[in-house]
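Chemist: Input file: data30.cif. Contents: mmCIF, N, CA and C atoms.
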data_protein
loop_
_atom_site.label_atom_id
_atom_site.label_comp_id
_atom_site.auth_asym_id
_atom_site.auth_seq_id
_atom_site.Cartn_x
_atom_site.Cartn_y
_atom_site.Cartn_z
N MET A 1 105.80 0.02 -50.57
CA MET A 1 105.82 0.27 -49.14
C MET A 1 104.42 0.20 -48.55
N ARG A 2 103.43 0.66 -49.31
CA ARG A 2 102.06 0.64 -48.82
C ARG A 2 101.58 -0.79 -48.56
N ALA A 3 101.91 -1.72 -49.47
CA ALA A 3 101.52 -3.11 -49.27
C ALA A 3 102.15 -3.67 -48.00
N PHE A 4 103.39 -3.29 -47.74
CA PHE A 4 104.05 -3.74 -46.52
C PHE A 4 103.30 -3.25 -45.29
N THR A 5 102.83 -2.01 -45.33
CA THR A 5 102.09 -1.44 -44.20
C THR A 5 100.81 -2.22 -43.97
N ILE A 6 100.11 -2.56 -45.04
CA ILE A 6 98.87 -3.32 -44.92
C ILE A 6 99.16 -4.67 -44.30
N VAL A 7 100.17 -5.35 -44.79
CA VAL A 7 100.53 -6.66 -44.25
C VAL A 7 100.92 -6.53 -42.78
N ALA A 8 101.69 -5.50 -42.45
CA ALA A 8 102.10 -5.29 -41.07
C ALA A 8 100.90 -5.07 -40.16
N LEU A 9 99.93 -4.30 -40.61
CA LEU A 9 98.72 -4.08 -39.81
C LEU A 9 97.94 -5.37 -39.62
N VAL A 10 97.80 -6.13 -40.68
CA VAL A 10 97.07 -7.39 -40.58
C VAL A 10 97.79 -8.33 -39.62
N LEU A 11 99.10 -8.45 -39.76
CA LEU A 11 99.86 -9.32 -38.88
C LEU A 11 99.82 -8.83 -37.44
N ALA A 12 99.84 -7.52 -37.25
CA ALA A 12 99.81 -6.97 -35.90
C ALA A 12 98.50 -7.29 -35.19
N THR A 13 97.44 -7.45 -35.93
CA THR A 13 96.15 -7.76 -35.30
C THR A 13 95.99 -9.25 -35.01
N ARG A 14 96.84 -10.08 -35.58
CA ARG A 14 96.71 -11.52 -35.40
C ARG A 14 96.98 -11.98 -33.98
N PHE A 15 97.81 -11.25 -33.24
CA PHE A 15 98.18 -11.70 -31.89
C PHE A 15 96.96 -11.83 -30.99
N ALA A 16 95.92 -11.06 -31.27
CA ALA A 16 94.73 -11.06 -30.41
C ALA A 16 93.72 -12.12 -30.83
N GLY A 17 93.89 -12.71 -31.99
CA GLY A 17 92.91 -13.68 -32.47
C GLY A 17 93.60 -14.86 -33.12
N ALA A 18 92.79 -15.69 -33.75
CA ALA A 18 93.32 -16.86 -34.44
C ALA A 18 94.03 -16.42 -35.71
N PRO A 19 94.98 -17.22 -36.18
CA PRO A 19 95.66 -16.86 -37.42
C PRO A 19 94.67 -16.80 -38.59
N VAL A 20 95.01 -16.00 -39.56
CA VAL A 20 94.16 -15.90 -40.74
C VAL A 20 94.36 -17.16 -41.57
N SER A 21 93.26 -17.82 -41.88
CA SER A 21 93.34 -19.05 -42.67
C SER A 21 93.28 -18.73 -44.15
N ALA A 22 93.69 -19.68 -44.96
CA ALA A 22 93.70 -19.48 -46.40
C ALA A 22 92.29 -19.24 -46.94
N ASP A 23 91.28 -19.81 -46.30
CA ASP A 23 89.91 -19.63 -46.78
C ASP A 23 89.25 -18.40 -46.20
N GLY A 24 90.00 -17.59 -45.44
CA GLY A 24 89.44 -16.36 -44.88
C GLY A 24 88.58 -16.60 -43.65
N GLY A 25 88.69 -17.75 -43.04
CA GLY A 25 87.85 -18.10 -41.90
C GLY A 25 87.98 -17.16 -40.72
N THR A 26 89.12 -16.55 -40.52
CA THR A 26 89.28 -15.65 -39.39
C THR A 26 89.54 -14.22 -39.82
N VAL A 27 89.29 -13.93 -41.08
CA VAL A 27 89.45 -12.55 -41.55
C VAL A 27 88.53 -11.65 -40.74
N GLY A 28 87.36 -12.17 -40.36
CA GLY A 28 86.44 -11.39 -39.52
C GLY A 28 87.09 -10.96 -38.23
N THR A 29 87.89 -11.84 -37.63
CA THR A 29 88.59 -11.49 -36.39
C THR A 29 89.59 -10.38 -36.65
N VAL A 30 90.30 -10.44 -37.75
CA VAL A 30 91.27 -9.40 -38.10
C VAL A 30 90.54 -8.08 -38.29
N ILE A 31 89.42 -8.11 -39.00
CA ILE A 31 88.65 -6.89 -39.24
C ILE A 31 88.13 -6.34 -37.92
N GLU A 32 87.63 -7.21 -37.05
CA GLU A 32 87.16 -6.75 -35.73
C GLU A 32 88.27 -6.08 -34.95
N ASN A 33 89.46 -6.65 -34.98
CA ASN A 33 90.60 -6.07 -34.26
C ASN A 33 90.99 -4.71 -34.85
N LEU A 34 90.95 -4.61 -36.17
CA LEU A 34 91.26 -3.33 -36.81
C LEU A 34 90.21 -2.28 -36.44
N LEU A 35 88.95 -2.68 -36.43
CA LEU A 35 87.89 -1.74 -36.08
C LEU A 35 87.99 -1.29 -34.62
N MET A 36 88.36 -2.21 -33.73
CA MET A 36 88.55 -1.82 -32.32
C MET A 36 89.71 -0.85 -32.19
N ARG A 37 90.81 -1.12 -32.91
CA ARG A 37 91.96 -0.22 -32.88
C ARG A 37 91.57 1.15 -33.44
N LYS A 38 90.78 1.14 -34.51
CA LYS A 38 90.33 2.39 -35.11
C LYS A 38 89.51 3.20 -34.12
N GLN A 39 88.61 2.53 -33.39
CA GLN A 39 87.78 3.22 -32.41
C GLN A 39 88.64 3.85 -31.32
N ARG A 40 89.64 3.11 -30.83
CA ARG A 40 90.54 3.66 -29.81
C ARG A 40 91.30 4.87 -30.33
N LEU A 41 91.73 4.80 -31.58
CA LEU A 41 92.47 5.92 -32.16
C LEU A 41 91.57 7.14 -32.35
N VAL A 42 90.32 6.92 -32.74
CA VAL A 42 89.39 8.04 -32.89
C VAL A 42 89.18 8.73 -31.54
N GLU A 43 89.03 7.92 -30.49
CA GLU A 43 88.87 8.48 -29.15
C GLU A 43 90.12 9.24 -28.73
N GLU A 44 91.29 8.69 -29.06
CA GLU A 44 92.55 9.33 -28.73
C GLU A 44 92.70 10.64 -29.51
N LEU A 45 92.26 10.63 -30.77
CA LEU A 45 92.35 11.82 -31.61
C LEU A 45 91.50 12.96 -31.04
N GLU A 46 90.34 12.62 -30.49
CA GLU A 46 89.47 13.63 -29.90
C GLU A 46 90.11 14.33 -28.72
N LYS A 47 91.00 13.64 -28.02
CA LYS A 47 91.65 14.19 -26.83
C LYS A 47 93.01 14.81 -27.13
N ALA A 48 93.58 14.48 -28.29
CA ALA A 48 94.94 14.92 -28.62
C ALA A 48 95.01 16.43 -28.76
N GLN A 49 96.02 17.01 -28.14
CA GLN A 49 96.24 18.46 -28.19
C GLN A 49 97.36 18.83 -29.15
N ALA A 50 98.44 18.08 -29.11
CA ALA A 50 99.62 18.41 -29.90
C ALA A 50 99.40 18.04 -31.38
N VAL A 51 99.90 18.89 -32.24
CA VAL A 51 99.78 18.66 -33.68
C VAL A 51 100.47 17.35 -34.07
N GLU A 52 101.63 17.09 -33.45
CA GLU A 52 102.37 15.87 -33.77
C GLU A 52 101.56 14.63 -33.41
N ASP A 53 100.87 14.65 -32.27
CA ASP A 53 100.05 13.53 -31.86
C ASP A 53 98.89 13.33 -32.84
N ARG A 54 98.25 14.43 -33.22
CA ARG A 54 97.13 14.35 -34.16
C ARG A 54 97.59 13.79 -35.50
N ASP A 55 98.74 14.24 -35.97
CA ASP A 55 99.28 13.75 -37.24
C ASP A 55 99.57 12.26 -37.17
N ARG A 56 100.19 11.83 -36.05
CA ARG A 56 100.51 10.41 -35.89
C ARG A 56 99.23 9.57 -35.87
N ILE A 57 98.23 10.01 -35.15
CA ILE A 57 96.97 9.27 -35.05
C ILE A 57 96.27 9.22 -36.40
N GLU A 58 96.23 10.37 -37.09
CA GLU A 58 95.58 10.41 -38.40
C GLU A 58 96.28 9.49 -39.39
N HIS A 59 97.61 9.43 -39.31
CA HIS A 59 98.36 8.52 -40.18
C HIS A 59 98.00 7.07 -39.88
N GLN A 60 97.91 6.71 -38.61
CA GLN A 60 97.53 5.35 -38.25
C GLN A 60 96.11 5.03 -38.70
N LEU A 61 95.21 6.00 -38.60
CA LEU A 61 93.83 5.79 -39.06
C LEU A 61 93.80 5.55 -40.58
N GLU A 62 94.62 6.28 -41.32
CA GLU A 62 94.70 6.07 -42.76
C GLU A 62 95.18 4.66 -43.08
N GLN A 63 96.17 4.20 -42.32
CA GLN A 63 96.69 2.85 -42.54
C GLN A 63 95.63 1.80 -42.24
N ILE A 64 94.89 1.99 -41.17
CA ILE A 64 93.84 1.04 -40.82
C ILE A 64 92.75 1.04 -41.89
N ASN A 65 92.36 2.22 -42.36
CA ASN A 65 91.35 2.29 -43.42
C ASN A 65 91.81 1.58 -44.68
N THR A 66 93.09 1.73 -45.01
CA THR A 66 93.65 1.03 -46.17
C THR A 66 93.60 -0.48 -45.97
N ALA A 67 93.97 -0.92 -44.78
CA ALA A 67 93.93 -2.36 -44.49
C ALA A 67 92.50 -2.88 -44.54
N LEU A 68 91.55 -2.13 -44.00
CA LEU A 68 90.14 -2.54 -44.04
C LEU A 68 89.64 -2.61 -45.48
N ASP A 69 90.01 -1.64 -46.29
CA ASP A 69 89.63 -1.67 -47.71
C ASP A 69 90.21 -2.90 -48.39
N PHE A 70 91.47 -3.18 -48.10
CA PHE A 70 92.14 -4.34 -48.68
C PHE A 70 91.45 -5.64 -48.28
N LEU A 71 91.10 -5.77 -47.01
CA LEU A 71 90.46 -6.99 -46.53
C LEU A 71 89.02 -7.11 -47.00
N ASP A 72 88.40 -6.01 -47.32
CA ASP A 72 87.00 -6.02 -47.75
C ASP A 72 86.84 -6.39 -49.22
N ARG A 73 87.94 -6.40 -49.96
CA ARG A 73 87.87 -6.75 -51.38
C ARG A 73 87.50 -8.22 -51.53
N PRO A 74 86.67 -8.52 -52.54
CA PRO A 74 86.36 -9.93 -52.79
C PRO A 74 87.61 -10.64 -53.28
N GLY A 75 87.78 -11.86 -52.82
CA GLY A 75 88.94 -12.65 -53.23
C GLY A 75 88.73 -13.23 -54.60
N PRO A 76 89.78 -13.84 -55.16
CA PRO A 76 89.65 -14.46 -56.48
C PRO A 76 88.69 -15.65 -56.40
N LYS A 77 87.94 -15.80 -57.45
CA LYS A 77 86.98 -16.91 -57.51
C LYS A 77 87.70 -18.18 -57.86
N ASP A 78 87.29 -19.30 -57.26
CA ASP A 78 87.89 -20.59 -57.55
C ASP A 78 87.50 -21.02 -58.96
N GLY A 79 88.46 -21.60 -59.66
CA GLY A 79 88.17 -22.16 -60.97
C GLY A 79 88.21 -21.13 -62.11
N THR A 80 88.61 -19.89 -61.80
CA THR A 80 88.73 -18.90 -62.87
C THR A 80 90.13 -18.42 -63.02
#
Can the structure from this file be put into structure tokens for me?

Modeler:
Amino acid sequence: MRAFTIVALVLATRFAGAPVSADGGTVGTVIENLLMRKQRLVEELEKAQAVEDRDRIEHQLEQINTALDFLDRPGPKDGT
């Protein structure tokens, strides 16, 4: 289920930028979109009063951090 969440987050960020290419050419755009979403959520978390809202935001932040970690991993090397 966690892998599905990561894929869903990556795909959700694609609408704002170019599609992710096989060579990672637009992975930077995906990362930028995730970072912008993270910043908005952090700002929203600072203002959130209800426990349910804080929990929802914190959960989304965890998902974004997981996606960022996943995208930051080095890819497989060619020829190995």

Chemist: As an exercise, work out the distance from atom CA of A:Ala48 to atom CA of A:Glu32 in Å and give it to one decimal place.

Modeler: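 Separating atom CA of A:Ala48 from atom CA of A:Glu32 is a distance of 24.1 Å.
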
Chemist: Could you tell me how far atom CA of A:Ile31 sits from atom CA of A:Phe70, in Å to one decimal place?

Modeler: 10.4 Å

Chemist: Using atom CA of A:Gln63 and atom CA of A:Leu35 as the two end points, give the distance in Å to one decimal.

Modeler: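 Rounded to one decimal, the two atoms are 11.8 Å apart.
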
Chemist: Neighbouring residues of A:His59 were defined as those with any atom within 12 Å, considering only C-alpha atoms; residues of the same chain fewer than 3 positions away were excluded. Please report them as a compact mmCIF listing (two decimals) with N, CA and C atoms, in the frame of the given file.

Modeler:
# COMPACT_ATOMS: atom_id res chain seq x y z
N THR A 5 102.83 -2.01 -45.33
CA THR A 5 102.09 -1.44 -44.20
C THR A 5 100.81 -2.22 -43.97
N LYS A 38 90.78 1.14 -34.51
CA LYS A 38 90.33 2.39 -35.11
C LYS A 38 89.51 3.20 -34.12
N LEU A 41 91.73 4.80 -31.58
CA LEU A 41 92.47 5.92 -32.16
C LEU A 41 91.57 7.14 -32.35
N VAL A 42 90.32 6.92 -32.74
CA VAL A 42 89.39 8.04 -32.89
C VAL A 42 89.18 8.73 -31.54
N LEU A 45 92.26 10.63 -30.77
CA LEU A 45 92.35 11.82 -31.61
C LEU A 45 91.50 12.96 -31.04
N GLU A 52 101.63 17.09 -33.45
CA GLU A 52 102.37 15.87 -33.77
C GLU A 52 101.56 14.63 -33.41
N ASP A 53 100.87 14.65 -32.27
CA ASP A 53 100.05 13.53 -31.86
C ASP A 53 98.89 13.33 -32.84
N ARG A 54 98.25 14.43 -33.22
CA ARG A 54 97.13 14.35 -34.16
C ARG A 54 97.59 13.79 -35.50
N ASP A 55 98.74 14.24 -35.97
CA ASP A 55 99.28 13.75 -37.24
C ASP A 55 99.57 12.26 -37.17
N ARG A 56 100.19 11.83 -36.05
CA ARG A 56 100.51 10.41 -35.89
C ARG A 56 99.23 9.57 -35.87
N GLU A 62 94.62 6.28 -41.32
CA GLU A 62 94.70 6.07 -42.76
C GLU A 62 95.18 4.66 -43.08
N GLN A 63 96.17 4.20 -42.32
CA GLN A 63 96.69 2.85 -42.54
C GLN A 63 95.63 1.80 -42.24
N ILE A 64 94.89 1.99 -41.17
CA ILE A 64 93.84 1.04 -40.82
C ILE A 64 92.75 1.04 -41.89
N ASN A 65 92.36 2.22 -42.36
CA ASN A 65 91.35 2.29 -43.42
C ASN A 65 91.81 1.58 -44.68
N THR A 66 93.09 1.73 -45.01
CA THR A 66 93.65 1.03 -46.17
C THR A 66 93.60 -0.48 -45.97
